[in-house]
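S.K.: Structure supplied as data27.csv; contents: CSV, C-alpha atoms.
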chain,number,residue,atom,x,y,z
A,93,MET,CA,45.3,56.6,-56.9
A,94,PRO,CA,42.9,54.7,-59.3
A,95,VAL,CA,44.0,51.6,-57.4
A,96,TRP,CA,42.9,53.1,-54.0
A,97,GLN,CA,39.5,53.9,-55.6
A,98,VAL,CA,39.1,50.2,-56.5
A,99,ILE,CA,40.1,49.1,-53.0
A,100,TYR,CA,37.8,51.7,-51.5
A,101,ASP,CA,34.8,50.4,-53.5
A,102,GLU,CA,35.6,46.9,-52.6
A,103,LEU,CA,35.9,47.5,-48.9
A,104,LYS,CA,33.1,50.0,-48.7
A,105,ALA,CA,30.7,47.4,-50.1
A,106,ASP,CA,31.2,45.2,-47.0
A,107,TYR,CA,32.3,47.6,-44.4
A,108,GLU,CA,30.2,50.8,-44.3
A,109,ASN,CA,32.4,52.3,-41.5
A,110,PHE,CA,35.6,52.4,-43.6
A,111,GLU,CA,36.7,55.7,-44.9
A,112,ILE,CA,39.7,57.0,-46.9
A,113,ILE,CA,40.9,60.6,-46.4
A,114,SER,CA,43.4,61.3,-49.2
A,115,VAL,CA,45.5,64.5,-48.7
A,116,ALA,CA,47.6,65.9,-51.5
A,117,GLN,CA,50.7,67.8,-50.2
A,118,ASP,CA,50.8,70.3,-53.0
A,119,THR,CA,51.6,74.0,-52.8
A,120,GLY,CA,50.4,74.2,-56.4
A,121,GLY,CA,46.8,73.6,-55.1
A,122,GLU,CA,43.9,72.5,-57.3
A,123,ALA,CA,45.8,73.1,-60.5
A,124,ALA,CA,48.5,70.6,-59.5
A,125,ALA,CA,46.6,67.9,-57.7
A,126,GLY,CA,43.0,68.3,-58.9
A,127,PRO,CA,43.4,66.6,-62.3
A,128,ILE,CA,44.9,63.6,-60.7
A,129,PHE,CA,42.0,63.2,-58.3
A,130,ASP,CA,39.6,63.7,-61.2
A,131,ALA,CA,41.3,61.2,-63.5
A,132,ALA,CA,41.0,58.6,-60.7
A,133,GLY,CA,37.3,59.3,-60.3
A,134,VAL,CA,37.8,59.5,-56.5
A,135,THR,CA,34.6,59.3,-54.4
A,136,TYR,CA,36.4,59.2,-51.0
A,137,THR,CA,37.3,62.4,-49.1
A,138,SER,CA,39.9,64.4,-51.0
A,139,ILE,CA,41.8,67.3,-49.7
A,140,ILE,CA,44.5,69.5,-51.3
A,141,ASP,CA,46.7,70.6,-48.5
A,142,VAL,CA,48.8,73.5,-49.8
A,143,ASN,CA,50.7,74.1,-46.5
A,144,HIS,CA,51.6,70.4,-46.0
A,145,HIS,CA,49.6,70.7,-42.7
A,146,ILE,CA,48.9,67.0,-42.4
A,147,SER,CA,52.6,66.0,-42.8
A,148,SER,CA,53.6,68.5,-40.1
A,149,LEU,CA,50.8,67.4,-37.8
A,150,TYR,CA,51.5,63.7,-38.1
A,151,ASN,CA,55.4,64.1,-38.3
A,152,LEU,CA,55.5,62.6,-41.8
A,153,VAL,CA,58.5,63.4,-44.0
A,154,ASN,CA,57.7,61.7,-47.2
A,155,VAL,CA,54.9,60.7,-49.6
A,156,PRO,CA,53.0,58.5,-50.0
A,157,SER,CA,52.5,57.9,-46.3
A,158,GLY,CA,49.7,56.2,-44.5
A,159,VAL,CA,48.0,56.4,-41.0
A,160,TRP,CA,45.4,54.0,-39.7
A,161,ILE,CA,43.0,55.6,-37.3
A,162,ASP,CA,40.4,53.5,-35.4
A,163,GLU,CA,36.8,54.2,-34.4
A,164,GLU,CA,38.0,56.0,-31.2
A,165,GLY,CA,40.5,58.2,-33.0
A,166,ARG,CA,43.5,56.1,-31.9
A,167,ILE,CA,46.3,55.6,-34.3
A,168,VAL,CA,47.0,51.9,-34.9
A,169,ARG,CA,49.6,52.2,-37.6
A,170,ILE,CA,51.6,55.2,-38.8
A,171,ASN,CA,54.5,56.3,-41.0
A,172,GLU,CA,54.9,53.8,-43.8
A,173,GLY,CA,55.6,54.1,-47.5
A,174,THR,CA,52.1,53.2,-48.5
A,175,TYR,CA,51.8,52.4,-52.1
A,176,ALA,CA,48.7,50.5,-53.3
A,177,LYS,CA,50.7,48.3,-55.6
A,178,GLU,CA,54.0,47.8,-57.3
A,179,HIS,CA,54.9,50.0,-60.2
A,180,PHE,CA,57.2,49.4,-63.1
A,181,ASP,CA,57.9,45.7,-62.3
A,182,GLY,CA,58.7,46.5,-58.7
A,183,ALA,CA,60.9,49.6,-59.3
A,184,PHE,CA,58.9,51.2,-56.6
A,185,GLY,CA,55.7,50.5,-54.6
A,186,THR,CA,54.6,47.3,-52.9
A,187,ASN,CA,51.8,44.7,-53.2
A,188,GLU,CA,52.1,44.0,-49.4
A,189,TYR,CA,50.2,46.9,-48.0
A,190,VAL,CA,46.7,46.5,-49.4
A,191,PRO,CA,46.3,43.0,-47.9
A,192,ILE,CA,47.0,44.2,-44.4
A,193,VAL,CA,44.6,47.1,-44.9
A,194,ARG,CA,41.9,44.6,-45.9
A,195,ASP,CA,42.7,42.5,-42.8
A,196,TRP,CA,42.4,45.5,-40.5
A,197,VAL,CA,39.1,46.7,-42.0
A,198,ALA,CA,37.7,43.1,-41.6
A,199,LYS,CA,39.0,42.3,-38.1
A,200,GLY,CA,39.6,45.6,-36.5
A,201,VAL,CA,41.5,45.3,-33.2
A,202,ASP,CA,41.9,41.6,-33.7
A,203,SER,CA,44.0,42.1,-36.8
A,204,GLU,CA,47.6,41.2,-36.2
A,205,HIS,CA,48.6,44.3,-38.1
A,206,VAL,CA,47.2,46.6,-35.5
A,207,TRP,CA,49.9,48.2,-33.4
A,208,ASP,CA,49.7,48.9,-29.7
A,209,THR,CA,50.4,52.4,-28.3
A,210,ALA,CA,54.0,51.6,-27.5
A,211,LYS,CA,54.7,50.5,-31.1
A,212,VAL,CA,52.8,53.6,-32.5
A,213,ARG,CA,54.9,55.9,-30.3
A,214,GLU,CA,58.1,54.2,-31.5
A,215,ARG,CA,57.1,54.8,-35.1
A,216,ILE,CA,56.1,58.5,-34.7
A,217,VAL,CA,59.1,60.5,-36.0
A,218,ASP,CA,60.9,62.5,-33.3
A,219,ARG,CA,61.5,66.1,-34.0
A,220,THR,CA,64.4,68.2,-32.8
A,221,PRO,CA,63.5,71.8,-31.8
A,222,ASP,CA,65.0,72.9,-35.1
A,223,ALA,CA,62.7,70.5,-37.0
A,224,GLU,CA,59.7,72.0,-35.0
A,225,LYS,CA,60.7,75.4,-36.4
A,226,ALA,CA,60.9,74.1,-39.9
A,227,GLN,CA,57.1,73.9,-40.0
A,228,PRO,CA,56.4,77.6,-39.4
A,229,ALA,CA,59.3,78.4,-41.8
A,230,PHE,CA,57.7,76.3,-44.6
A,231,LEU,CA,54.3,77.9,-43.8
A,232,LEU,CA,55.9,81.3,-44.2
A,233,GLY,CA,57.4,80.3,-47.5
A,234,SER,CA,54.0,79.0,-48.8
A,235,TYR,CA,52.4,82.3,-47.7
A,236,TYR,CA,54.9,84.1,-50.0
A,237,PHE,CA,54.6,81.5,-52.8
A,238,GLN,CA,50.8,82.1,-52.9
A,239,ARG,CA,51.4,85.8,-53.2
A,240,ASP,CA,53.9,85.4,-56.0
A,241,ASN,CA,56.9,86.5,-54.0
A,242,GLU,CA,59.3,83.9,-55.3
A,243,ALA,CA,62.4,85.4,-53.6
A,244,LYS,CA,60.9,85.1,-50.1
A,245,ALA,CA,59.2,81.8,-50.8
A,246,GLU,CA,62.6,80.4,-51.7
A,247,GLN,CA,64.2,82.0,-48.7
A,248,TYR,CA,61.9,80.4,-46.2
A,249,TRP,CA,61.6,77.1,-48.0
A,250,THR,CA,65.3,76.8,-47.9
A,251,LEU,CA,65.3,77.7,-44.2
A,252,ALA,CA,62.8,74.9,-43.6
A,253,GLN,CA,65.0,72.4,-45.4
A,254,GLU,CA,68.0,73.5,-43.3
A,255,LEU,CA,66.0,73.2,-40.1
A,256,ASP,CA,64.6,69.8,-41.0
A,257,PRO,CA,66.9,68.0,-43.4
A,258,THR,CA,65.0,64.8,-42.8
A,259,SER,CA,61.9,66.1,-44.7
A,260,TRP,CA,61.8,64.9,-48.3
A,261,ASN,CA,58.5,66.8,-48.7
A,262,TYR,CA,60.1,70.2,-48.0
A,263,LEU,CA,63.0,69.4,-50.4
A,264,ARG,CA,61.0,68.0,-53.3
A,265,GLN,CA,58.2,70.6,-53.1
A,266,ASP,CA,60.9,73.3,-53.4
A,267,LEU,CA,62.9,71.5,-56.2
A,268,LEU,CA,59.7,71.4,-58.2
A,269,TYR,CA,60.1,75.1,-58.9
A,270,GLU,CA,63.8,74.8,-59.7
A,271,GLU,CA,65.8,73.6,-62.7
A,272,GLY,CA,65.9,69.8,-62.6
A,273,GLY,CA,62.6,69.4,-60.8
A,274,SER,CA,61.4,67.3,-57.9
A,275,ALA,CA,62.8,64.1,-59.2
A,276,GLY,CA,65.9,65.5,-60.9
A,277,PRO,CA,69.6,65.1,-60.4
A,278,GLU,CA,69.7,66.9,-57.0
A,279,TRP,CA,67.0,64.7,-55.6
A,280,GLN,CA,68.6,61.6,-57.0
A,281,GLN,CA,71.9,62.5,-55.5
A,282,ARG,CA,70.4,63.1,-52.1
A,283,VAL,CA,68.6,59.7,-52.2
A,284,GLN,CA,71.8,58.0,-53.2
A,285,ASP,CA,73.8,59.6,-50.4
A,286,PHE,CA,71.0,58.8,-47.9
A,287,GLU,CA,70.8,55.1,-49.0
A,288,ALA,CA,74.6,54.9,-48.9
A,289,GLN,CA,74.4,55.5,-45.2
A,290,GLY,CA,72.2,52.4,-45.0
A,291,ARG,CA,69.0,54.3,-44.5
A,292,GLU,CA,65.7,53.7,-46.3
A,293,TYR,CA,64.1,56.3,-48.4
A,294,TYR,CA,60.6,55.2,-47.4
A,295,ALA,CA,59.9,54.4,-43.8
A,296,PRO,CA,60.0,50.6,-43.9
A,297,LEU,CA,56.9,48.4,-44.1
A,298,GLU,CA,56.9,46.0,-41.2
A,299,ILE,CA,54.4,43.3,-42.1
A,300,GLU,CA,53.5,41.1,-39.2
A,301,GLY,CA,53.8,37.4,-39.8
A,302,ASP,CA,56.4,37.8,-42.5
A,303,SER,CA,59.0,35.7,-40.8
A,304,ASN,CA,56.6,32.7,-40.3
B,281,MET,CA,85.1,116.5,-28.7
B,282,HIS,CA,83.6,117.0,-32.1
B,283,ALA,CA,83.2,113.3,-32.6
B,284,SER,CA,81.4,112.7,-29.3
B,285,LEU,CA,79.2,115.7,-30.0
B,286,LYS,CA,78.4,114.3,-33.4
B,287,SER,CA,77.5,110.9,-32.0
B,288,MET,CA,75.4,112.5,-29.4
B,289,CYS,CA,73.4,114.3,-32.1
B,290,TYR,CA,73.0,111.0,-34.0
B,291,GLY,CA,71.9,109.4,-30.8
B,292,LEU,CA,69.2,112.1,-30.3
B,293,ALA,CA,68.0,111.8,-33.8
B,294,ALA,CA,67.7,108.0,-33.5
B,295,GLY,CA,66.0,108.4,-30.2
B,296,SER,CA,63.3,110.7,-31.7
B,297,LEU,CA,62.8,108.3,-34.6
B,298,ILE,CA,62.0,105.5,-32.2
B,299,ALA,CA,59.7,107.8,-30.2
B,300,ALA,CA,57.8,108.7,-33.5
B,301,SER,CA,57.4,105.0,-34.5
B,302,THR,CA,56.1,103.9,-31.1
B,303,ALA,CA,53.5,106.7,-31.2
B,304,GLN,CA,51.7,104.8,-34.0
B,305,ALA,CA,51.0,101.1,-33.7
B,306,GLN,CA,51.9,98.9,-36.7
B,307,ASP,CA,49.8,96.3,-38.4
B,308,ALA,CA,51.0,92.6,-38.7
B,309,THR,CA,50.0,89.4,-40.3
B,310,VAL,CA,49.9,86.2,-38.2
B,311,LEU,CA,50.0,82.7,-39.7
B,312,TYR,CA,48.9,79.7,-37.6
B,313,ASN,CA,47.8,76.4,-39.1
B,314,GLU,CA,45.5,77.4,-42.0
B,315,ARG,CA,44.8,80.9,-40.6
B,316,VAL,CA,46.0,84.1,-42.0
B,317,VAL,CA,45.1,86.7,-39.4
B,318,GLU,CA,45.5,90.4,-40.1
B,319,ILE,CA,46.1,92.5,-37.0
B,320,GLU,CA,45.5,96.2,-37.4
B,321,GLN,CA,47.5,97.4,-34.4
B,322,THR,CA,50.5,95.9,-32.6
B,323,LEU,CA,52.8,97.5,-30.1
B,324,PRO,CA,56.1,98.2,-32.0
B,325,ASP,CA,58.9,96.0,-30.6
B,326,ALA,CA,62.2,94.9,-32.0
B,327,ASN,CA,61.6,91.2,-31.1
B,328,ASP,CA,58.2,90.3,-29.8
B,329,LEU,CA,54.6,90.4,-31.1
B,330,TRP,CA,52.4,92.4,-28.8
B,331,VAL,CA,48.6,92.5,-29.6
B,332,LYS,CA,45.5,93.8,-28.0
B,333,PRO,CA,43.9,91.1,-25.8
B,334,GLU,CA,40.8,91.1,-28.0
B,335,ASP,CA,42.9,90.0,-31.0
B,336,LEU,CA,44.3,86.9,-29.2
B,337,PRO,CA,41.5,84.4,-29.7
B,338,ARG,CA,41.5,84.7,-33.5
B,339,ILE,CA,45.3,84.3,-33.5
B,340,ASN,CA,45.5,81.0,-31.5
B,341,ASP,CA,42.2,80.4,-29.6
B,342,PHE,CA,43.7,81.6,-26.3
B,343,GLU,CA,41.7,84.1,-24.4
B,344,LEU,CA,43.0,86.6,-21.8
B,345,LYS,CA,41.1,86.1,-18.6
B,346,PRO,CA,41.7,87.6,-15.1
B,347,GLU,CA,43.6,84.4,-14.2
B,348,GLY,CA,45.7,84.4,-17.3
B,349,ALA,CA,45.9,83.3,-21.0
B,350,CYS,CA,43.6,80.3,-21.2
B,351,TYR,CA,42.8,77.6,-23.8
B,352,GLU,CA,40.3,75.0,-22.6
B,353,ALA,CA,41.5,73.7,-19.2
B,354,LEU,CA,45.0,75.3,-19.6
B,355,CYS,CA,45.7,78.7,-18.1
B,356,ILE,CA,49.1,80.4,-18.3
B,357,PRO,CA,49.1,83.0,-15.4
B,358,VAL,CA,49.5,86.6,-16.6
B,359,LEU,CA,49.6,89.6,-14.2
B,360,GLN,CA,47.5,92.4,-15.6
B,361,ASP,CA,47.7,95.0,-12.9
B,362,ARG,CA,51.4,95.7,-13.6
B,363,ASP,CA,53.9,95.4,-16.5
B,364,SER,CA,55.6,92.1,-17.1
B,365,ASP,CA,57.2,90.2,-20.0
B,366,MET,CA,53.8,89.0,-20.9
B,367,TYR,CA,51.6,92.0,-20.5
B,368,VAL,CA,52.1,95.8,-20.5
B,369,THR,CA,49.8,98.8,-20.4
B,370,ARG,CA,50.6,101.8,-22.5
B,371,ARG,CA,48.4,104.9,-22.7
B,372,GLY,CA,45.7,103.0,-21.0
B,373,GLN,CA,45.8,100.2,-23.6
B,374,GLY,CA,46.8,96.7,-22.5
B,375,TRP,CA,49.1,94.7,-24.8
B,376,PHE,CA,49.7,90.9,-24.7
B,377,ASN,CA,52.9,89.3,-25.8
B,378,VAL,CA,52.0,86.5,-28.2
B,379,THR,CA,55.6,85.4,-28.8
B,380,GLY,CA,56.1,85.4,-25.0
B,381,LEU,CA,53.2,82.9,-24.7
B,382,ALA,CA,54.8,80.9,-27.6
B,383,ASP,CA,58.1,80.7,-25.7
B,384,LYS,CA,56.3,79.5,-22.5
B,385,LEU,CA,54.5,76.8,-24.5
B,386,GLN,CA,57.7,75.9,-26.5
B,387,GLN,CA,55.7,76.8,-29.7
B,388,ALA,CA,58.1,77.4,-32.6
B,389,TYR,CA,57.8,80.5,-34.8
B,390,VAL,CA,59.6,82.2,-37.6
B,391,VAL,CA,59.2,85.9,-38.5
B,392,ASP,CA,59.7,88.1,-41.5
B,393,TYR,CA,60.4,91.4,-39.7
B,394,ASP,CA,60.4,93.5,-42.9
B,395,ASP,CA,56.8,92.6,-43.7
B,396,ALA,CA,55.7,91.9,-40.1
B,397,VAL,CA,54.5,88.4,-40.9
B,398,TRP,CA,54.7,86.0,-37.9
B,399,SER,CA,54.4,82.3,-38.6
B,400,PHE,CA,53.6,80.0,-35.7
B,401,GLY,CA,54.0,76.2,-35.5
B,402,THR,CA,51.6,73.8,-33.8
B,403,MET,CA,51.5,74.0,-30.0
B,404,PRO,CA,53.2,71.1,-28.2
B,405,VAL,CA,50.5,71.3,-25.6
B,406,LYS,CA,48.0,70.3,-28.3
B,407,ARG,CA,50.2,67.4,-29.5
B,408,GLN,CA,50.9,65.6,-26.2
B,409,GLN,CA,48.0,63.1,-26.8
B,410,PHE,CA,49.6,62.3,-30.1
B,411,ILE,CA,53.3,62.1,-29.1
B,412,ARG,CA,52.7,60.3,-25.8
B,413,GLY,CA,49.4,58.5,-26.4
B,414,GLY,CA,49.3,57.8,-30.1
B,415,MET,CA,45.9,59.7,-30.5
B,416,ALA,CA,45.3,61.1,-34.0
B,417,PRO,CA,45.7,64.9,-33.9
B,418,ASP,CA,42.4,66.5,-35.1
B,419,PHE,CA,42.5,68.8,-38.1
B,420,GLU,CA,40.2,71.0,-40.1
B,421,LEU,CA,40.9,71.4,-43.8
B,422,ASN,CA,38.6,72.1,-46.7
B,423,ASP,CA,37.9,69.4,-49.2
B,424,ARG,CA,38.0,70.2,-52.9
B,425,GLU,CA,34.4,71.5,-52.8
B,426,GLY,CA,35.3,73.8,-50.0
B,427,ASN,CA,33.5,71.9,-47.3
B,428,PRO,CA,35.3,71.7,-44.0
B,429,VAL,CA,36.6,68.2,-43.1
B,430,ARG,CA,37.3,67.5,-39.5
B,431,LEU,CA,38.9,64.2,-38.4
B,432,SER,CA,36.7,64.4,-35.3
B,433,ASP,CA,33.6,64.0,-37.5
B,434,PHE,CA,34.9,60.5,-38.4
B,435,ARG,CA,34.5,59.0,-34.9
B,436,GLY,CA,33.0,55.6,-35.1
B,437,LYS,CA,34.7,54.9,-38.4
B,438,LYS,CA,38.0,53.3,-39.5
B,439,VAL,CA,40.0,55.9,-41.3
B,440,LEU,CA,42.9,55.3,-43.7
B,441,LEU,CA,44.6,58.7,-43.9
B,442,LEU,CA,46.8,58.8,-47.0
B,443,THR,CA,49.2,61.6,-48.1
B,444,TRP,CA,50.5,61.9,-51.6
B,445,ALA,CA,51.8,64.6,-53.9
B,446,SER,CA,51.6,65.4,-57.6
B,447,TRP,CA,55.3,66.4,-57.8
Represent the structure from my file as structure tokens, please.
M.R.:
Amino acid sequence: MPVWQVIYDELKADYENFEIISVAQDTGGEAAAGPIFDAAGVTYTSIIDVNHHISSLYNLVNVPSGVWIDEEGRIVRINEGTYAKEHFDGAFGTNEYVPIVRDWVAKGVDSEHVWDTAKVRERIVDRTPDAEKAQPAFLLGSYYFQRDNEAKAEQYWTLAQELDPTSWNYLRQDLLYEEGGSAGPEWQQRVQDFEAQGREYYAPLEIEGDSN
Amino acid sequence: MHASLKSMCYGLAAGSLIAASTAQAQDATVLYNERVVEIEQTLPDANDLWVKPEDLPRINDFELKPEGACYEALCIPVLQDRDSDMYVTRRGQGWFNVTGLADKLQQAYVVDYDDAVWSFGTMPVKRQQFIRGGMAPDFELNDREGNPVRLSDFRGKKVLLLTWASW
């Protein structure tokens, strides 16, 4: 997050019409996400989204995720694991994303990293009818969580995970309140099983021009 | 003989219980996007959520008009001069079936019947521009200072929308 602030300051100096909207997917609200925004000294738009509304609206299943939205409200890139840089010597994160953001902000529609509608549609995650139902189930769990009814919060968050097993957000938000935590053994095992099937934990970054 | 008489009595008792509960309408809570809407009176029903037409707009922005349940240019026809699966009149009061509308719109919902909390998903009709056309769905959420942030207020700008989490 401090890295995004640096990039924001850099780009904003030259391109007044560039904005970042950063949305924390945190049922824990201000207490959970607020200090992280504060520590980073964030000046761009910051939102704490206790119901994971943005992930459900944009069919995103993991964090961090990024969406590029142009001046007309058209999506020109979506659903990528969007770290601002590599962390822990490349253990996770990437240094490849920020350069393409810079390119887009500078060139707009002429950037080779802008996707056409067909490509955007292809990268929007499809949802089954069950996965559609996971969203109101999660919302119901959050309603109870915010009213300190842990039993019902657990009941509906579990239901959400069963209805949409592709959502890492639903899984990890729930695990946060259980023994082991959001990055504990249960999560590690799930990631391992998932990757053993040849699938990628983060939606892959497809950087244009890589093969050249 | 005794057994059937007994079950008949139970049947009567159960029947009168239902009659008693339909006499007084129940309250309900409706969740939709960031809304938590308290409804004072609903028509008791084992499966569906029936509300007074005047409560509909604050639930999901639809409005009951003579031609049907309408949102912007979309109208779902609803007959109001006779009972149907979408609309009934009881003791002179009209009731609209919110879950019936959801079914017609393929809008997902999950219910906690014990507490009468009805949680609705986003409406597919509001998402077609996104799914088919790649247009960014609009949203309204408060920022950390409590000011509403609407994506539509960012027209004319390039927006990098980032999600993250503390967990």
S.K.: List the spatial neighbours of segment 113-120 of chain A as a PyMOL selection string - criterion: any atom at most 6 Å away, only C-alpha atoms, same-chain residues fewer than 6 positions off excluded.
M.R.: (chain A and resi 137-142+144) or (chain B and resi 441-445)
S.K.: Select, as a ChimeraX atom specification, those residues of chain A with any atom no more than 6 Å from chain B (distances computed using only C-alpha atoms).
M.R.: /A:109-118,125,138-139,155-167,209,212-213,225,227-229,232
S.K.: Applying 10 Å and all atoms listed in the file, which residues near Val193 of chain A remain after dropping the ones on its own chain fewer than 5 positions away? List them as a list in words.
M.R.: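 Neighbouring residues, sequence-local ones excluded: Ile99, Leu103, Trp160, Ala176, Glu188, Ala198, Gly200, Ser203, His205 and Val206 of chain A; Leu440 of chain B.
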S.K.: Just how far from atom CA of Leu255 of chain A is atom CA of Val317 of chain B, in Å to one decimal?
M.R.: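 Taking atom CA of Val317 of chain B as the start and atom CA of Leu255 of chain A as the end point, the length is 24.9 Å.
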S.K.: Kindly indicate which residue among B:Cys355, B:Met366, B:Ile339, B:Leu323 lies nearest to Val405 of chain B, using all atoms listed in the file for the distances.
M.R.: B:Cys355
S.K.: Need the shell around segment 272-281 of chain A: protein/DNA/RNA residues with any atom at most 12 Å away, counting all atoms listed in the file. Skip same-chain ones fewer than 4 positions apart. Format as a ChimeraX atom specification?
M.R.: /A:260-268,285-288,293 /B:445-447
S.K.: Could you check how far atom CA of Asn377 of chain B sits from atom CA of Asp328 of chain B, in Å to one decimal?
M.R.: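 About the pair atom CA of Asn377 of chain B and atom CA of Asp328 of chain B: they are 6.7 Å apart.
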S.K.: Save segment 323-338 of chain B to disk from that block, N, CA and C atoms included, as a tab-separated table (two decimals), in the first residue's frame.
M.R.:
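What ended up in out.tsv:
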chain	number	residue	atom	x	y	z
B	323	LEU	N	-46.93	-9.99	4.94
B	323	LEU	CA	-48.02	-10.97	5.01
B	323	LEU	C	-47.39	-12.33	5.32
B	324	PRO	N	-47.74	-12.94	6.45
B	324	PRO	CA	-47.10	-14.22	6.81
B	324	PRO	C	-47.25	-15.26	5.70
B	325	ASP	N	-46.15	-15.92	5.38
B	325	ASP	CA	-46.14	-16.92	4.32
B	325	ASP	C	-44.96	-17.85	4.60
B	326	ALA	N	-45.16	-19.14	4.35
B	326	ALA	CA	-44.12	-20.11	4.68
B	326	ALA	C	-42.86	-19.91	3.83
B	327	ASN	N	-43.02	-19.38	2.61
B	327	ASN	CA	-41.87	-19.34	1.70
B	327	ASN	C	-41.52	-17.98	1.15
B	328	ASP	N	-42.52	-17.15	0.93
B	328	ASP	CA	-42.27	-15.92	0.18
B	328	ASP	C	-42.36	-14.67	1.06
B	329	LEU	N	-41.76	-13.61	0.56
B	329	LEU	CA	-41.78	-12.31	1.26
B	329	LEU	C	-42.80	-11.41	0.56
B	330	TRP	N	-43.90	-11.13	1.27
B	330	TRP	CA	-44.96	-10.26	0.74
B	330	TRP	C	-44.93	-8.94	1.51
B	331	VAL	N	-44.83	-7.85	0.79
B	331	VAL	CA	-44.79	-6.53	1.46
B	331	VAL	C	-45.86	-5.61	0.88
B	332	LYS	N	-46.13	-4.55	1.62
B	332	LYS	CA	-47.04	-3.53	1.08
B	332	LYS	C	-46.33	-2.83	-0.07
B	333	PRO	N	-47.06	-2.49	-1.13
B	333	PRO	CA	-46.41	-1.87	-2.31
B	333	PRO	C	-45.57	-0.64	-1.95
B	334	GLU	N	-45.98	0.12	-0.94
B	334	GLU	CA	-45.23	1.34	-0.62
B	334	GLU	C	-43.85	1.03	-0.03
B	335	ASP	N	-43.64	-0.22	0.44
B	335	ASP	CA	-42.33	-0.59	0.98
B	335	ASP	C	-41.33	-1.02	-0.10
B	336	LEU	N	-41.86	-1.30	-1.30
B	336	LEU	CA	-41.00	-1.87	-2.35
B	336	LEU	C	-39.82	-0.97	-2.75
B	337	PRO	N	-40.03	0.34	-2.99
B	337	PRO	CA	-38.89	1.14	-3.46
B	337	PRO	C	-37.69	1.14	-2.52
B	338	ARG	N	-37.93	1.18	-1.21
B	338	ARG	CA	-36.76	1.23	-0.32
B	338	ARG	C	-36.09	-0.15	-0.19
